[in-house]
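One file, final.cif, is given below (mmCIF, C-alpha atoms).
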```cif
data_entry
loop_
_atom_site.label_atom_id
_atom_site.label_comp_id
_atom_site.auth_asym_id
_atom_site.auth_seq_id
_atom_site.Cartn_x
_atom_site.Cartn_y
_atom_site.Cartn_z
CA SER H 1 69.65 56.08 64.63
CA ASN H 2 67.99 54.90 61.44
CA LEU H 3 65.71 57.95 61.30
CA GLU H 4 68.54 60.44 61.81
CA GLN H 5 70.54 58.86 59.00
CA TYR H 6 67.49 58.89 56.76
CA LEU H 7 66.62 62.52 57.47
CA SER H 8 70.22 63.72 57.08
CA ASN H 9 70.42 62.32 53.53
CA THR H 10 70.12 65.31 51.19
CA GLU H 11 68.95 63.18 48.25
CA ILE H 12 65.74 62.14 50.04
CA PRO H 13 62.69 64.21 48.97
CA ARG H 14 60.91 66.35 51.56
CA ASP H 15 57.71 64.25 51.35
CA ALA H 16 59.66 61.08 52.10
CA LYS H 17 61.26 62.75 55.11
CA THR H 18 57.80 63.75 56.33
CA ILE H 19 56.60 60.14 56.06
CA ALA H 20 59.71 58.97 57.92
CA THR H 21 59.01 61.49 60.68
CA LEU H 22 55.40 60.24 60.92
CA LEU H 23 56.63 56.66 61.19
CA SER H 24 58.98 57.69 63.98
CA ALA H 25 56.21 59.57 65.78
CA MET H 26 54.11 56.38 65.66
CA GLY H 27 56.91 54.40 67.33
CA ALA H 28 58.64 52.84 64.32
CA GLU H 29 62.29 53.20 65.24
CA LYS H 30 63.67 51.19 62.33
CA PHE H 31 62.16 50.76 58.90
CA GLU H 32 63.23 49.95 55.39
CA PRO H 33 63.23 52.77 52.82
CA LYS H 34 60.76 50.71 50.76
CA VAL H 35 58.16 51.29 53.48
CA VAL H 36 58.39 55.03 52.94
CA ASN H 37 58.14 54.54 49.18
CA GLN H 38 55.04 52.36 49.53
CA LEU H 39 53.35 54.86 51.82
CA LEU H 40 54.17 57.71 49.43
CA GLU H 41 52.75 55.74 46.53
CA PHE H 42 49.58 54.94 48.50
CA ILE H 43 49.10 58.57 49.53
CA PHE H 44 49.64 59.81 45.98
CA ARG H 45 47.27 57.25 44.47
CA TYR H 46 44.58 57.76 47.13
CA SER H 47 44.79 61.56 46.86
CA SER H 48 44.78 61.68 43.06
CA GLU H 49 41.88 59.21 42.77
CA SER H 50 39.90 61.13 45.40
CA LEU H 51 40.49 64.44 43.60
CA THR H 52 39.50 62.85 40.28
CA ASP H 53 36.26 61.62 41.85
CA ALA H 54 35.61 65.04 43.37
CA SER H 55 36.18 66.64 39.98
CA LYS H 56 33.64 64.29 38.40
CA TYR H 57 31.10 65.08 41.13
CA ALA H 58 31.60 68.81 40.59
CA GLU H 59 31.29 68.40 36.82
CA HIS H 60 28.10 66.39 37.29
CA CYS H 61 26.63 69.29 39.28
CA GLY H 62 27.62 71.74 36.55
CA LYS H 63 30.41 73.38 38.58
CA THR H 64 33.76 74.36 37.13
CA THR H 65 35.66 74.18 40.43
CA ILE H 66 35.85 71.51 43.11
CA GLU H 67 34.22 72.50 46.38
CA VAL H 68 34.77 71.03 49.82
CA SER H 69 31.45 69.20 49.61
CA ASP H 70 32.58 67.45 46.41
CA LEU H 71 35.79 66.31 48.07
CA LYS H 72 33.94 65.16 51.21
CA LEU H 73 31.56 63.11 49.05
CA ALA H 74 34.48 61.59 47.12
CA LEU H 75 36.37 60.72 50.31
CA THR H 76 33.27 59.25 51.96
CA SER H 77 32.42 57.08 48.97
CA ARG H 78 36.03 55.99 48.55
CA PHE H 79 36.27 55.14 52.25
CA HIS H 80 33.14 52.97 52.16
CA PHE H 81 34.30 51.31 48.94
CA SER H 82 37.97 50.73 49.80
CA PHE H 83 38.12 50.07 53.52
CA LEU H 84 35.83 47.35 54.79
CA PRO H 85 35.44 46.85 58.51
CA PRO H 86 36.46 43.45 59.88
CA VAL H 87 33.80 40.81 60.39
CA PRO H 88 32.51 40.93 63.99
CA ARG H 89 34.02 38.32 66.29
CA GLU H 90 30.59 36.91 67.20
CA ILE H 91 29.84 36.05 63.56
CA LEU H 92 33.23 34.38 63.11
CA GLN H 93 32.70 32.43 66.33
CA LYS H 94 29.28 31.22 65.15
CA LEU H 95 30.63 30.19 61.73
CA SER H 96 33.56 28.32 63.25
CA GLU H 97 31.28 26.47 65.69
CA GLU H 98 29.03 25.39 62.79
CA LYS H 99 32.00 24.26 60.72
CA ASN H 100 33.58 22.39 63.62
CA THR H 101 30.46 20.30 64.26
CA ASN H 102 31.46 18.09 61.31
CA ASP H 103 33.98 15.38 62.11
CA LEU H 104 37.13 15.20 60.07
CA PRO H 105 37.35 12.17 57.76
CA ILE H 106 39.33 9.18 59.04
CA MET H 107 42.73 9.04 57.40
CA PRO H 108 43.55 5.76 55.66
CA ASN H 109 46.67 3.86 56.62
CA LYS H 110 48.53 4.42 53.33
CA ALA H 111 51.87 5.88 52.47
CA GLY H 112 52.24 8.76 50.00
CA VAL H 113 49.98 11.60 49.02
CA ILE H 114 46.40 10.93 49.99
CA LEU H 115 43.78 12.49 47.74
CA PRO H 116 40.08 12.57 48.54
CA GLU H 117 38.13 9.82 46.79
CA ARG H 118 35.97 12.25 44.85
CA THR H 119 38.45 14.63 43.38
CA PHE H 120 38.75 16.28 40.03
CA LEU H 121 42.52 15.97 40.16
CA SER H 122 42.53 12.23 39.47
CA ASN H 123 39.45 11.99 37.23
CA THR H 124 39.65 12.19 33.48
CA ASN H 125 39.03 15.67 32.21
CA TYR H 126 37.97 14.74 28.69
CA GLN H 127 35.37 12.66 26.86
CA LEU H 128 35.88 10.72 23.66
CA ASP H 129 33.45 11.41 20.85
CA LEU H 130 33.00 7.95 19.41
CA ASN H 131 30.73 9.25 16.62
CA ILE H 132 33.77 10.76 14.93
CA TYR H 133 35.16 7.26 14.29
CA ASN H 134 31.90 6.16 12.63
CA GLN H 135 32.18 9.00 10.12
CA ILE H 136 35.63 7.94 8.85
#
```
Would you write the structure of this file as structure tokens?
Amino acid sequence: SNLEQYLSNTEIPRDAKTIATLLSAMGAEKFEPKVVNQLLEFIFRYSSESLTDASKYAEHCGKTTIEVSDLKLALTSRFHFSFLPPVPREILQKLSEEKNTNDLPIMPNKAGVILPERTFLSNTNYQLDLNIYNQI
């Protein structure tokens, strides 16, 4: 299988093989090697940024070493900053009902690209300064 070929390759780093095994355990039977690379990059970036934040928290408290509480604070703040929960379905339903109360405009019987009447695409985007001609 794809996983067995991937894991048997001796040039693949151990961390990449671990990610591939995790993907397999989650039910991904086939995957591109780029997926493993992206996950490795995400894990590295997330871990290094979290440790940097924890180091700053420890330094702010006057500590020379990072403690578990510093790392927990860094991970908690990073989680609330990076991963936003989806908007509840009820709110989306209410917004869509409000938006759908407006009728769509009637389409004119013309051929070609139809632009709205009040658009900035077809209006002039400059003004002439006629005073400049009076000065010459």
*Give me the result of the PyMOL selection byres ((chain H and resi 33) around 12) on this file, residue by residue, as a PyMOL selection string.*
chain H and resi 2-3+5-7+9+12+16-17+19-20+23+30-32+34-40
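Take the candidates H:Thr101, H:Ser82, H:Gln93, H:Asn131 and check each one against H:Tyr46 using all atoms listed in the file; the shortest distance goes to H:Ser82.
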*Taking the file above as input, evaluate the PyMOL selection byres ((chain H and resi 53-60) around 12) and report the hits as number ranges by chain.*
H: 46-52, 61-78
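Put simply, atom CA of H:Thr10 is 20.1 Å away from atom CA of H:Glu29.
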Save stretch 77-111 of chain H to disk from that block, N, CA, C and O atoms included, as a PDB file, in the first residue's frame.
```pdb
ATOM      1  N   SER H  77      -3.518  30.781  25.045  1.00  0.00           N
ATOM      2  CA  SER H  77      -3.675  32.050  24.322  1.00  0.00           C
ATOM      3  C   SER H  77      -3.550  31.845  22.820  1.00  0.00           C
ATOM      4  O   SER H  77      -4.269  32.459  22.040  1.00  0.00           O
ATOM      5  N   ARG H  78      -2.646  30.971  22.404  1.00  0.00           N
ATOM      6  CA  ARG H  78      -2.486  30.698  20.977  1.00  0.00           C
ATOM      7  C   ARG H  78      -3.738  30.001  20.430  1.00  0.00           C
ATOM      8  O   ARG H  78      -4.180  30.287  19.327  1.00  0.00           O
ATOM      9  N   PHE H  79      -4.318  29.108  21.204  1.00  0.00           N
ATOM     10  CA  PHE H  79      -5.516  28.402  20.761  1.00  0.00           C
ATOM     11  C   PHE H  79      -6.666  29.378  20.559  1.00  0.00           C
ATOM     12  O   PHE H  79      -7.357  29.332  19.545  1.00  0.00           O
ATOM     13  N   HIS H  80      -6.865  30.287  21.520  1.00  0.00           N
ATOM     14  CA  HIS H  80      -7.970  31.239  21.410  1.00  0.00           C
ATOM     15  C   HIS H  80      -7.717  32.273  20.313  1.00  0.00           C
ATOM     16  O   HIS H  80      -8.655  32.843  19.776  1.00  0.00           O
ATOM     17  N   PHE H  81      -6.453  32.511  19.990  1.00  0.00           N
ATOM     18  CA  PHE H  81      -6.124  33.492  18.955  1.00  0.00           C
ATOM     19  C   PHE H  81      -6.160  32.868  17.566  1.00  0.00           C
ATOM     20  O   PHE H  81      -6.615  33.479  16.608  1.00  0.00           O
ATOM     21  N   SER H  82      -5.711  31.629  17.437  1.00  0.00           N
ATOM     22  CA  SER H  82      -5.543  31.008  16.118  1.00  0.00           C
ATOM     23  C   SER H  82      -6.766  30.242  15.639  1.00  0.00           C
ATOM     24  O   SER H  82      -7.077  30.259  14.453  1.00  0.00           O
ATOM     25  N   PHE H  83      -7.429  29.547  16.516  1.00  0.00           N
ATOM     26  CA  PHE H  83      -8.511  28.665  16.112  1.00  0.00           C
ATOM     27  C   PHE H  83      -9.845  29.226  16.593  1.00  0.00           C
ATOM     28  O   PHE H  83     -10.149  29.182  17.774  1.00  0.00           O
ATOM     29  N   LEU H  84     -10.600  29.763  15.652  1.00  0.00           N
ATOM     30  CA  LEU H  84     -11.898  30.323  15.990  1.00  0.00           C
ATOM     31  C   LEU H  84     -12.975  29.277  15.758  1.00  0.00           C
ATOM     32  O   LEU H  84     -12.942  28.570  14.745  1.00  0.00           O
ATOM     33  N   PRO H  85     -13.933  29.196  16.672  1.00  0.00           N
ATOM     34  CA  PRO H  85     -15.007  28.224  16.462  1.00  0.00           C
ATOM     35  C   PRO H  85     -15.913  28.697  15.318  1.00  0.00           C
ATOM     36  O   PRO H  85     -15.988  29.889  15.031  1.00  0.00           O
ATOM     37  N   PRO H  86     -16.580  27.768  14.655  1.00  0.00           N
ATOM     38  CA  PRO H  86     -17.478  28.177  13.572  1.00  0.00           C
ATOM     39  C   PRO H  86     -18.676  28.953  14.117  1.00  0.00           C
ATOM     40  O   PRO H  86     -19.049  28.808  15.283  1.00  0.00           O
ATOM     41  N   VAL H  87     -19.255  29.771  13.266  1.00  0.00           N
ATOM     42  CA  VAL H  87     -20.433  30.540  13.654  1.00  0.00           C
ATOM     43  C   VAL H  87     -21.585  29.560  13.848  1.00  0.00           C
ATOM     44  O   VAL H  87     -21.779  28.649  13.026  1.00  0.00           O
ATOM     45  N   PRO H  88     -22.353  29.714  14.939  1.00  0.00           N
ATOM     46  CA  PRO H  88     -23.469  28.781  15.171  1.00  0.00           C
ATOM     47  C   PRO H  88     -24.466  28.791  14.006  1.00  0.00           C
ATOM     48  O   PRO H  88     -24.712  29.823  13.374  1.00  0.00           O
ATOM     49  N   ARG H  89     -25.028  27.641  13.743  1.00  0.00           N
ATOM     50  CA  ARG H  89     -25.959  27.465  12.632  1.00  0.00           C
ATOM     51  C   ARG H  89     -27.172  28.386  12.750  1.00  0.00           C
ATOM     52  O   ARG H  89     -27.672  28.890  11.749  1.00  0.00           O
ATOM     53  N   GLU H  90     -27.642  28.622  13.963  1.00  0.00           N
ATOM     54  CA  GLU H  90     -28.825  29.466  14.170  1.00  0.00           C
ATOM     55  C   GLU H  90     -28.561  30.896  13.693  1.00  0.00           C
ATOM     56  O   GLU H  90     -29.423  31.528  13.088  1.00  0.00           O
ATOM     57  N   ILE H  91     -27.356  31.400  13.964  1.00  0.00           N
ATOM     58  CA  ILE H  91     -27.019  32.766  13.547  1.00  0.00           C
ATOM     59  C   ILE H  91     -26.934  32.840  12.029  1.00  0.00           C
ATOM     60  O   ILE H  91     -27.448  33.779  11.415  1.00  0.00           O
ATOM     61  N   LEU H  92     -26.306  31.848  11.410  1.00  0.00           N
ATOM     62  CA  LEU H  92     -26.231  31.820   9.950  1.00  0.00           C
ATOM     63  C   LEU H  92     -27.621  31.720   9.319  1.00  0.00           C
ATOM     64  O   LEU H  92     -27.900  32.366   8.311  1.00  0.00           O
ATOM     65  N   GLN H  93     -28.489  30.934   9.934  1.00  0.00           N
ATOM     66  CA  GLN H  93     -29.857  30.784   9.430  1.00  0.00           C
ATOM     67  C   GLN H  93     -30.595  32.116   9.506  1.00  0.00           C
ATOM     68  O   GLN H  93     -31.259  32.524   8.549  1.00  0.00           O
ATOM     69  N   LYS H  94     -30.442  32.825  10.616  1.00  0.00           N
ATOM     70  CA  LYS H  94     -31.113  34.116  10.789  1.00  0.00           C
ATOM     71  C   LYS H  94     -30.595  35.138   9.771  1.00  0.00           C
ATOM     72  O   LYS H  94     -31.371  35.863   9.145  1.00  0.00           O
ATOM     73  N   LEU H  95     -29.271  35.186   9.577  1.00  0.00           N
ATOM     74  CA  LEU H  95     -28.693  36.112   8.614  1.00  0.00           C
ATOM     75  C   LEU H  95     -29.141  35.808   7.187  1.00  0.00           C
ATOM     76  O   LEU H  95     -29.447  36.721   6.415  1.00  0.00           O
ATOM     77  N   SER H  96     -29.193  34.531   6.841  1.00  0.00           N
ATOM     78  CA  SER H  96     -29.612  34.177   5.486  1.00  0.00           C
ATOM     79  C   SER H  96     -31.092  34.490   5.266  1.00  0.00           C
ATOM     80  O   SER H  96     -31.480  34.925   4.184  1.00  0.00           O
ATOM     81  N   GLU H  97     -31.925  34.309   6.284  1.00  0.00           N
ATOM     82  CA  GLU H  97     -33.347  34.649   6.145  1.00  0.00           C
ATOM     83  C   GLU H  97     -33.523  36.152   5.947  1.00  0.00           C
ATOM     84  O   GLU H  97     -34.335  36.591   5.135  1.00  0.00           O
ATOM     85  N   GLU H  98     -32.738  36.960   6.692  1.00  0.00           N
ATOM     86  CA  GLU H  98     -32.818  38.416   6.527  1.00  0.00           C
ATOM     87  C   GLU H  98     -32.358  38.829   5.135  1.00  0.00           C
ATOM     88  O   GLU H  98     -32.972  39.677   4.492  1.00  0.00           O
ATOM     89  N   LYS H  99     -31.284  38.243   4.662  1.00  0.00           N
ATOM     90  CA  LYS H  99     -30.739  38.587   3.351  1.00  0.00           C
ATOM     91  C   LYS H  99     -31.686  38.155   2.241  1.00  0.00           C
ATOM     92  O   LYS H  99     -31.850  38.855   1.235  1.00  0.00           O
ATOM     93  N   ASN H 100     -32.341  37.030   2.407  1.00  0.00           N
ATOM     94  CA  ASN H 100     -33.215  36.497   1.364  1.00  0.00           C
ATOM     95  C   ASN H 100     -34.588  37.149   1.332  1.00  0.00           C
ATOM     96  O   ASN H 100     -35.398  36.824   0.467  1.00  0.00           O
ATOM     97  N   THR H 101     -34.868  38.081   2.236  1.00  0.00           N
ATOM     98  CA  THR H 101     -36.143  38.798   2.171  1.00  0.00           C
ATOM     99  C   THR H 101     -36.140  39.811   1.028  1.00  0.00           C
ATOM    100  O   THR H 101     -37.193  40.190   0.540  1.00  0.00           O
ATOM    101  N   ASN H 102     -34.962  40.247   0.602  1.00  0.00           N
ATOM    102  CA  ASN H 102     -34.862  41.190  -0.513  1.00  0.00           C
ATOM    103  C   ASN H 102     -34.961  40.430  -1.827  1.00  0.00           C
ATOM    104  O   ASN H 102     -34.295  39.418  -2.029  1.00  0.00           O
ATOM    105  N   ASP H 103     -35.797  40.971  -2.733  1.00  0.00           N
ATOM    106  CA  ASP H 103     -35.921  40.360  -4.050  1.00  0.00           C
ATOM    107  C   ASP H 103     -34.690  40.672  -4.878  1.00  0.00           C
ATOM    108  O   ASP H 103     -34.070  41.731  -4.731  1.00  0.00           O
ATOM    109  N   LEU H 104     -34.351  39.748  -5.753  1.00  0.00           N
ATOM    110  CA  LEU H 104     -33.259  39.987  -6.683  1.00  0.00           C
ATOM    111  C   LEU H 104     -33.720  40.984  -7.740  1.00  0.00           C
ATOM    112  O   LEU H 104     -34.902  41.016  -8.096  1.00  0.00           O
ATOM    113  N   PRO H 105     -32.813  41.815  -8.263  1.00  0.00           N
ATOM    114  CA  PRO H 105     -33.231  42.759  -9.300  1.00  0.00           C
ATOM    115  C   PRO H 105     -33.624  42.019 -10.580  1.00  0.00           C
ATOM    116  O   PRO H 105     -33.117  40.941 -10.882  1.00  0.00           O
ATOM    117  N   ILE H 106     -34.558  42.625 -11.327  1.00  0.00           N
ATOM    118  CA  ILE H 106     -35.008  42.027 -12.580  1.00  0.00           C
ATOM    119  C   ILE H 106     -33.914  42.228 -13.626  1.00  0.00           C
ATOM    120  O   ILE H 106     -33.388  43.328 -13.791  1.00  0.00           O
ATOM    121  N   MET H 107     -33.566  41.166 -14.303  1.00  0.00           N
ATOM    122  CA  MET H 107     -32.504  41.218 -15.295  1.00  0.00           C
ATOM    123  C   MET H 107     -33.038  41.811 -16.594  1.00  0.00           C
ATOM    124  O   MET H 107     -34.088  41.386 -17.082  1.00  0.00           O
ATOM    125  N   PRO H 108     -32.325  42.802 -17.154  1.00  0.00           N
ATOM    126  CA  PRO H 108     -32.771  43.370 -18.429  1.00  0.00           C
ATOM    127  C   PRO H 108     -32.567  42.373 -19.577  1.00  0.00           C
ATOM    128  O   PRO H 108     -31.758  41.455 -19.477  1.00  0.00           O
ATOM    129  N   ASN H 109     -33.304  42.582 -20.626  1.00  0.00           N
ATOM    130  CA  ASN H 109     -33.233  41.708 -21.796  1.00  0.00           C
ATOM    131  C   ASN H 109     -32.158  42.216 -22.745  1.00  0.00           C
ATOM    132  O   ASN H 109     -32.453  42.663 -23.839  1.00  0.00           O
ATOM    133  N   LYS H 110     -30.906  42.157 -22.363  1.00  0.00           N
ATOM    134  CA  LYS H 110     -29.801  42.631 -23.187  1.00  0.00           C
ATOM    135  C   LYS H 110     -28.790  41.503 -23.340  1.00  0.00           C
ATOM    136  O   LYS H 110     -28.656  40.655 -22.476  1.00  0.00           O
ATOM    137  N   ALA H 111     -28.052  41.586 -24.422  1.00  0.00           N
ATOM    138  CA  ALA H 111     -26.975  40.622 -24.621  1.00  0.00           C
ATOM    139  C   ALA H 111     -25.679  41.207 -24.070  1.00  0.00           C
ATOM    140  O   ALA H 111     -25.512  42.420 -23.968  1.00  0.00           O
TER     141      ALA H 111
END
```
